[in-house]
Amino acid sequence: MRIPCPYCGSRDLREFTYQGDAEATGDAFERTYLRTNPLGRHKGYWYHDNGCRSWLLVERDTKTHEIYSVTLAQKEEV
Amino acid sequence: MAGHINTTNRISGAPEIDYATSARFTFDGRSYTGLRGDTLASALLANGVKLVARSFKYHRPRGILTAGSEEPNALVELREGARKEPNCKATTVELFDGLSAQSQNRWPSLENDIGAINGLLSPIFVAGFYYKTFKWPASFWEKLYEPLIRRAAGLGRLSNLPDPDSYEKAFAFCDVLVIGSGPAGLAAALAAGRTGARVILCEEDFRLGGRLLSEAGEEINGRSAREWLEAARAELSSLSNVTLMPRTAVYGVYDGNTYGAIEKVADHILQPAAHQPRQRLWQIVATRSILAAGALERPLVFSGNDRPGVMMASAVRTYANRFGVLAGKRVAVFTNNDNGWRTAFDLAAAGAGIPALIDTRTDVDAALSARGRAAGLNIISGGQVVATNGSKALNEVIFTDARGVKQNVSADVLAMSGGFNPAVALTTHKGARPAWSDELATFVPGDLPGGMSVVGAAQGEFSLGAALRGGHTAGLAAASATGHDGAAGDAPMAADEAYRHAPMWHVEGAKKAFVDFQHDVTASDITLAHREGYRSVELLKRYTTLGMATDQGKLSNINGHAIMAALAGKPMEQVGTTVARAPSIPVSIGAFAGHSRGKDFKPTRHIAGHAHAQELNATFIETGQWLRPQWYARPGETEWRDSVNREVSTTRTAVGICDVSTLGKIDVQGPDAAEFLNRVYINAFAKLAVGKARYGVMLREDGFILDDGTVARFGEEQFVVSTTTANAGRIMKHLNYCAQVLWPELDVQIASISEAWAQYSVAGPRSRELLQKMLGNAFDLSDTAFPFMGVAEFDWAGVPVRLFRISFSGELAYEIAVPANYGDALSRRLEAEGQPLGACFYGTEALGVMRIEKGHVGGPEMVGTTAEDVGLGRMMSTKKDFIGKALAYREAMVDPARQRLVGLRPVEAGKPLAGGAHLLEKGAAPTTANDQGYVTSVTYSPILKSWLGLALVKRGPERIGERMRVVDLLRNTEVEVELCSPVFLDPEGSKLHG
């Protein structure tokens, strides 16, 4: 799998680590433990640790591994 | 070297063979001579060697079946000693001078193989035999049956020696990847290459050309196909945007348009040159790919179809046309399609006798029949081969004619053709299934991986004209899709020969008819599986092992499934097929490992003072990727404990120096840095004064401890966070997550500076004296000027220094940091300045002893524990929010009956304690229900002259003074202990304030 990092361009999966569901809602307990594991479209946080160390919001298909969008998790408001 | 052709089966005129350059090789110890351009298989056939292997299960004599990587029979061990490699296909081994090869799975010799008795016992080796025959008693399976079966059945043997060669990994990027260099692949590469697109052409063979190498008499663009091939090779070589990769097989298709390929860099020479890898594992990222992998000829299933001398018809033709080798002098042909006829014509032209051409069809094309008759062929229409004879090589073919009358001819080769199967494996790696074509009676590519197109025979387009046109069109389209629309000329033109065939899945007969040659699966095994209810192809595969050998059933699956379909009375599309997984050809584990083996398995990180530590006779320990000094042995110290005891005593009575550079160091800056840390740590940081450090604990989101360390404030907006060595990367990631994802509104910047600074702990009653002497006027270390938990930055003779008055040992102690390139100099300077004060260096062992003496928690105490569990509960701020707070107060997290930190001392002085042992109340049986907790850390304290332990015990702090048993059922020890405060030494902390 390859992830198009907004800073670094298309990079191999091995440069990234997956953190978890970016769509988890509810209270702290639910966000920490009750995460969905959907088949299909899914948004998750990825960390480009062997690259620019950016946290990324990656929307992809968990079945086909197709990537729909990659954005910086950090909002522009800073 | 020049040589003469002294082999019986060699014919002249093969353009890919260098008749002037011979290559000597041995097979099973006998010497032979081949020619440059040969494979091991062609050289063996040239020398008249027919018997090359014994089969997997029945040890039946086997010869060479094919001329490519689909070969199931002719597997050999190559080379000797540590370079011995089992299961190499003789048909793909490029011959070189000095090659040695051995047959495998036979004893004592290939000619006389004791294991052939398995053939007589074959009734018990049928499908599913190991489920049925070796069932009872259960204990016999592991000890008796499995080793016996493993010895009797199998392929080659490993050398059991370390591989002396190296393997490497490489990445490549291109617009268009072309897989296969037959006519379709060459046309595709030419078309795409001419537009200027970056093209990579991978070919597993050592010569480009595919079927053009194997066929005689074909024409392209009105010239001989050979001329076109040479022009195409020359043009592709001349294009700087085209990379030709012969000896490189694409074995897998992965996500993100990534293709795995294995390049045999030095398999065709005796041994790799210095620093040359044996093989290179490529990961090729291609925007578009064109699969031009061709098709595989399908065997026919009839009695005795595995006898040496029974070969694929196209392979027989390849040996004649490409290698100049007549596989036999009398070549009978058994076919259900026109391809068998081509072999008959070419072999007759090359000088072989054709005793019979047996075609299952009665409606052979009239023109073809006429040409056969004109060539004087003995044509049997509507015929079937029903048996073969010959003990270790074919000598007779028995067949029936259209009326069912049995005849026999003498023959030393039987060329068989059951039609063609497109090589669809690479189209299925991402989960797509191939589609059944009734017209072609085979599977053709179904859904394709993104960016891939399939051309030529791989797409079921079997004619030369279609291959060239398809390749050209696909090459243009792929280039265009990557933005390259240059001119590429016209598609090469060639004839569209018809593919006429009639499916024929199984000829009933009395003897074994093999479906899967490599795993010895016969037509009757499939019948048996069907009778026993294994109807799905997946179950059939597992029950009979059909298609489970190293060839992934490339030749066998369709025949097997078709026989199954006939038995079930179902059409093929309902029976389905199994899908292939990568790698589609065997790839050495060594290639996947690359350089990641031995000490190069992971990077090794050296501290700046590594060389100095070596000079001081340090023993090193791996902590993560780092090598840290564990202890420094001095003359006369016979075991490690002697050194550690001395280092502890020296530090506690004089001064010790310890490299702490490996601890993580993270620079946190910005207007909101203080607020940021306030949210990250359980304790308050907003009001930490500039020039001060504070110990902090972080929790995970779930409320358990994540890490601990000190935070130093060097400025209003500048902090340096320290982490444990093991967690440095994890905390960096965590802080970035907090800054980028959780609180993007905070203005804070984070940088890892772990490698930038070399840091030394200087601890002990004389530490101030040592540092003051060394730093001179650069800094005042007096207690008033630089009190406990003070931090400072200053310049020392032009070197920036960071100084911390922090202590892990409980002694008066400092940590001094300099830029890493001064680390070695600082280490040496500390040694020199410390010598008159009786200083010594200490390693991680002494560090551990002193932290246990002081009851400081370390890694073993911070696994799944809360801050309260380890006595740090009071640090948790009630006045602010922090990560983990929300879940840290859940009922079970604050249960007073949780296991909490205590100290342990053996009641009987001198009794050793063991880490991991469990605590039990006196008289309680050692059961889980009675478990009170466990020992996390132990050490021998040379200061207190006793073993000490830290433990997590239910309600531990309430039970100080209680006597319990420490029970270790693994090491079978039991020690009585008294629970005590975890701070064994200087509980008032008077030493560190000294």
# chains A, B, ... in the order shown; residues from 1 in each chain; ligands from 1
$ interface_residues --of "chain B" --to "chain A" --cutoff "10 Å" --atoms "only C-alpha atoms" --output "count of residues only"
35
$ residues_around --residues "range 35-51 of chain B" --least-positions-apart "4" --cutoff "9 Å" --atoms "only C-alpha atoms" --output "PyMOL selection string"
chain B and resi 3+5-11+16-25+27+61-64+67+74+89-97+99+101+110-111+206-207+308-309+319+322-328+392-393
$ closest_residue --among "B:Glu71, B:Glu622, B:Glu639, B:Asp986" --to "Asn87 in chain B" --atoms "only C-alpha atoms"
B:Glu71
$ select_by_dssp --residues "chain A" --states "strand (DSSP E or B)" --output "ChimeraX atom specification"
/A:2-5,9-12,17-21,41-47,55-61,67-72
$ write_last_selection --atoms "C-alpha atoms" --output "JSON list (two decimals), in the first residue's frame"
[["chain", "number", "residue", "atom", "x", "y", "z"],
["A", 2, "ARG", "CA", 1.16, 3.53, -0.69],
["A", 3, "ILE", "CA", -0.03, 6.70, 1.01],
["A", 4, "PRO", "CA", 0.21, 10.08, -0.69],
["A", 5, "CYS", "CA", 1.58, 12.25, 2.11],
["A", 9, "GLY", "CA", 4.34, 12.65, -1.88],
["A", 10, "SER", "CA", 3.49, 9.01, -2.53],
["A", 11, "ARG", "CA", 5.32, 6.87, 0.01],
["A", 12, "ASP", "CA", 5.48, 3.21, 0.90],
["A", 17, "THR", "CA", 2.12, 3.65, 11.41],
["A", 18, "TYR", "CA", -1.60, 3.36, 11.95],
["A", 19, "GLN", "CA", -3.04, 4.83, 15.12],
["A", 20, "GLY", "CA", -6.76, 4.22, 15.00],
["A", 21, "ASP", "CA", -10.23, 5.25, 14.11],
["A", 41, "ARG", "CA", -14.83, 3.28, 3.61],
["A", 42, "HIS", "CA", -13.10, 4.31, 6.80],
["A", 43, "LYS", "CA", -11.20, 7.28, 8.20],
["A", 44, "GLY", "CA", -8.17, 6.66, 10.33],
["A", 45, "TYR", "CA", -5.17, 8.47, 11.76],
["A", 46, "TRP", "CA", -1.78, 7.58, 10.34],
["A", 47, "TYR", "CA", 1.59, 8.88, 11.44],
["A", 55, "TRP", "CA", -0.30, 13.02, 11.56],
["A", 56, "LEU", "CA", -2.53, 12.30, 8.62],
["A", 57, "LEU", "CA", -6.22, 11.73, 8.21],
["A", 58, "VAL", "CA", -6.52, 8.95, 5.68],
["A", 59, "GLU", "CA", -9.81, 7.87, 4.18],
["A", 60, "ARG", "CA", -9.50, 4.48, 2.59],
["A", 61, "ASP", "CA", -11.32, 1.29, 1.79],
["A", 67, "ILE", "CA", -7.19, 5.50, -0.70],
["A", 68, "TYR", "CA", -9.81, 8.20, -1.20],
["A", 69, "SER", "CA", -8.21, 11.14, 0.54],
["A", 70, "VAL", "CA", -5.23, 12.10, 2.68],
["A", 71, "THR", "CA", -5.11, 15.38, 4.58],
["A", 72, "LEU", "CA", -3.03, 16.74, 7.42]]
$ atom_distance --atom1 "CA of Tyr32 in chain B" --atom2 "CA of Ser103 in chain B"
14.8 Å
$ atom_distance --atom1 "CA of Asp401 in chain B" --atom2 "CA of Phe345 in chain B"
21.0 Å
$ residues_around --residues "Asn645 in chain B" --least-positions-apart "6" --cutoff "9 Å" --atoms "only C-alpha atoms" --output "JSON list (two decimals) with N, CA and C atoms, in the first residue's frame"
[["chain", "number", "residue", "atom", "x", "y", "z"],
["B", 846, "ALA", "N", 24.64, -1.39, 37.35],
["B", 846, "ALA", "CA", 24.79, -0.62, 38.58],
["B", 846, "ALA", "C", 23.69, 0.44, 38.68],
["B", 849, "VAL", "N", 20.77, -1.37, 40.06],
["B", 849, "VAL", "CA", 20.94, -1.66, 41.49],
["B", 849, "VAL", "C", 20.56, -0.42, 42.30],
["B", 940, "TYR", "N", 20.90, -7.47, 44.14],
["B", 940, "TYR", "CA", 21.69, -7.61, 45.35],
["B", 940, "TYR", "C", 22.29, -6.24, 45.63],
["B", 941, "SER", "N", 22.09, -5.77, 46.87],
["B", 941, "SER", "CA", 22.63, -4.47, 47.22],
["B", 941, "SER", "C", 23.95, -4.63, 47.95],
["B", 942, "PRO", "N", 25.04, -4.17, 47.34],
["B", 942, "PRO", "CA", 26.33, -4.29, 48.01],
["B", 942, "PRO", "C", 26.44, -3.33, 49.19],
["B", 943, "ILE", "N", 25.56, -2.32, 49.23],
["B", 943, "ILE", "CA", 25.59, -1.37, 50.34],
["B", 943, "ILE", "C", 24.87, -1.98, 51.54]]
$ residues_around --residues "range 684-693 of chain B" --least-positions-apart "2" --cutoff "9 Å" --atoms "only C-alpha atoms" --output "VMD selection string"
chain B and resid 673 to 679 681 to 682 695 to 696 710 to 716 718 788 to 793 804 to 806 875 to 877 879 to 880
$ atom_distance --atom1 "CA of Gly961 in chain B" --atom2 "CA of Glu978 in chain B"
5.8 Å
$ residues_around --residues "range 213-220 of chain B" --least-positions-apart "6" --cutoff "12 Å" --atoms "only C-alpha atoms" --output "MDAnalysis selection string"
chainID B and resid 13:17 37 67:68 181:183 187 205:207 226:232 313:325 339 342:343 345:347 349:350 463:469 491:497
$ residues_around --residues "Ala839 in chain B" --least-positions-apart "2" --cutoff "12 Å" --atoms "only C-alpha atoms" --output "number ranges by chain"
B: 646-658, 762-767, 769-771, 829-837, 841-842
$ write_last_selection --atoms "C-alpha atoms" --output "PDB file, in the first residue's frame"
ATOM      1  CA  ARG B 646      32.430  -2.108  42.787  1.00  0.00           C
ATOM      2  CA  GLU B 647      30.685   0.413  40.526  1.00  0.00           C
ATOM      3  CA  VAL B 648      27.829   0.834  43.039  1.00  0.00           C
ATOM      4  CA  SER B 649      30.187   1.157  46.012  1.00  0.00           C
ATOM      5  CA  THR B 650      32.376   3.667  44.189  1.00  0.00           C
ATOM      6  CA  THR B 651      29.384   5.780  43.215  1.00  0.00           C
ATOM      7  CA  ARG B 652      27.911   5.724  46.711  1.00  0.00           C
ATOM      8  CA  THR B 653      31.215   6.541  48.397  1.00  0.00           C
ATOM      9  CA  ALA B 654      33.053   8.674  45.819  1.00  0.00           C
ATOM     10  CA  VAL B 655      31.728   9.382  42.326  1.00  0.00           C
ATOM     11  CA  GLY B 656      30.471   7.376  39.349  1.00  0.00           C
ATOM     12  CA  ILE B 657      29.929   8.341  35.731  1.00  0.00           C
ATOM     13  CA  CYS B 658      27.209   6.822  33.565  1.00  0.00           C
ATOM     14  CA  VAL B 762      27.874  12.186  37.383  1.00  0.00           C
ATOM     15  CA  ALA B 763      26.709  10.840  40.737  1.00  0.00           C
ATOM     16  CA  GLY B 764      28.082  10.439  44.224  1.00  0.00           C
ATOM     17  CA  PRO B 765      29.315  12.497  47.161  1.00  0.00           C
ATOM     18  CA  ARG B 766      32.253  13.820  45.129  1.00  0.00           C
ATOM     19  CA  SER B 767      30.283  14.585  41.948  1.00  0.00           C
ATOM     20  CA  GLU B 769      33.896  18.372  43.225  1.00  0.00           C
ATOM     21  CA  LEU B 770      34.603  16.565  39.974  1.00  0.00           C
ATOM     22  CA  LEU B 771      32.416  18.795  37.839  1.00  0.00           C
ATOM     23  CA  ARG B 829      37.694  14.317  30.179  1.00  0.00           C
ATOM     24  CA  LEU B 830      35.389  12.979  32.899  1.00  0.00           C
ATOM     25  CA  GLU B 831      37.606   9.935  33.244  1.00  0.00           C
ATOM     26  CA  ALA B 832      40.755  12.029  33.477  1.00  0.00           C
ATOM     27  CA  GLU B 833      39.307  14.533  35.964  1.00  0.00           C
ATOM     28  CA  GLY B 834      37.669  11.768  37.978  1.00  0.00           C
ATOM     29  CA  GLN B 835      40.710   9.555  38.369  1.00  0.00           C
ATOM     30  CA  PRO B 836      42.269  11.500  41.285  1.00  0.00           C
ATOM     31  CA  LEU B 837      38.881  11.395  43.029  1.00  0.00           C
ATOM     32  CA  PHE B 841      32.280   4.551  35.046  1.00  0.00           C
ATOM     33  CA  TYR B 842      29.196   2.502  35.797  1.00  0.00           C
TER      34      TYR B 842
END
$ residues_around --residues "Leu281 in chain B" --least-positions-apart "5" --cutoff "6 Å" --atoms "only C-alpha atoms" --output "list of chain:residue names"
B:Lys169, B:Ala261, B:Ile262, B:Ala591
$ write_last_selection --atoms "C-alpha atoms" --output "CSV table (one decimal), in the first residue's frame"
chain,number,residue,atom,x,y,z
B,169,LYS,CA,16.4,-5.0,-1.8
B,261,ALA,CA,10.2,-8.9,-8.6
B,262,ILE,CA,13.2,-11.1,-8.0
B,591,ALA,CA,15.9,-12.4,-0.8
$ select_by_dssp --residues "range 26-74 of chain A" --states "helix (DSSP H, G or I)" --output "mmCIF file with C-alpha atoms, in the first residue's frame"
data_model
loop_
_atom_site.group_PDB
_atom_site.id
_atom_site.type_symbol
_atom_site.label_atom_id
_atom_site.label_comp_id
_atom_site.auth_asym_id
_atom_site.auth_seq_id
_atom_site.Cartn_x
_atom_site.Cartn_y
_atom_site.Cartn_z
ATOM 1 C CA ALA A 28 -13.795 8.870 26.709
ATOM 2 C CA PHE A 29 -14.580 5.225 27.367
ATOM 3 C CA GLU A 30 -16.383 4.791 24.080
ATOM 4 C CA ARG A 31 -13.697 6.607 22.133
ATOM 5 C CA THR A 32 -10.996 4.494 23.715
ATOM 6 C CA TYR A 33 -12.568 1.073 23.627
#
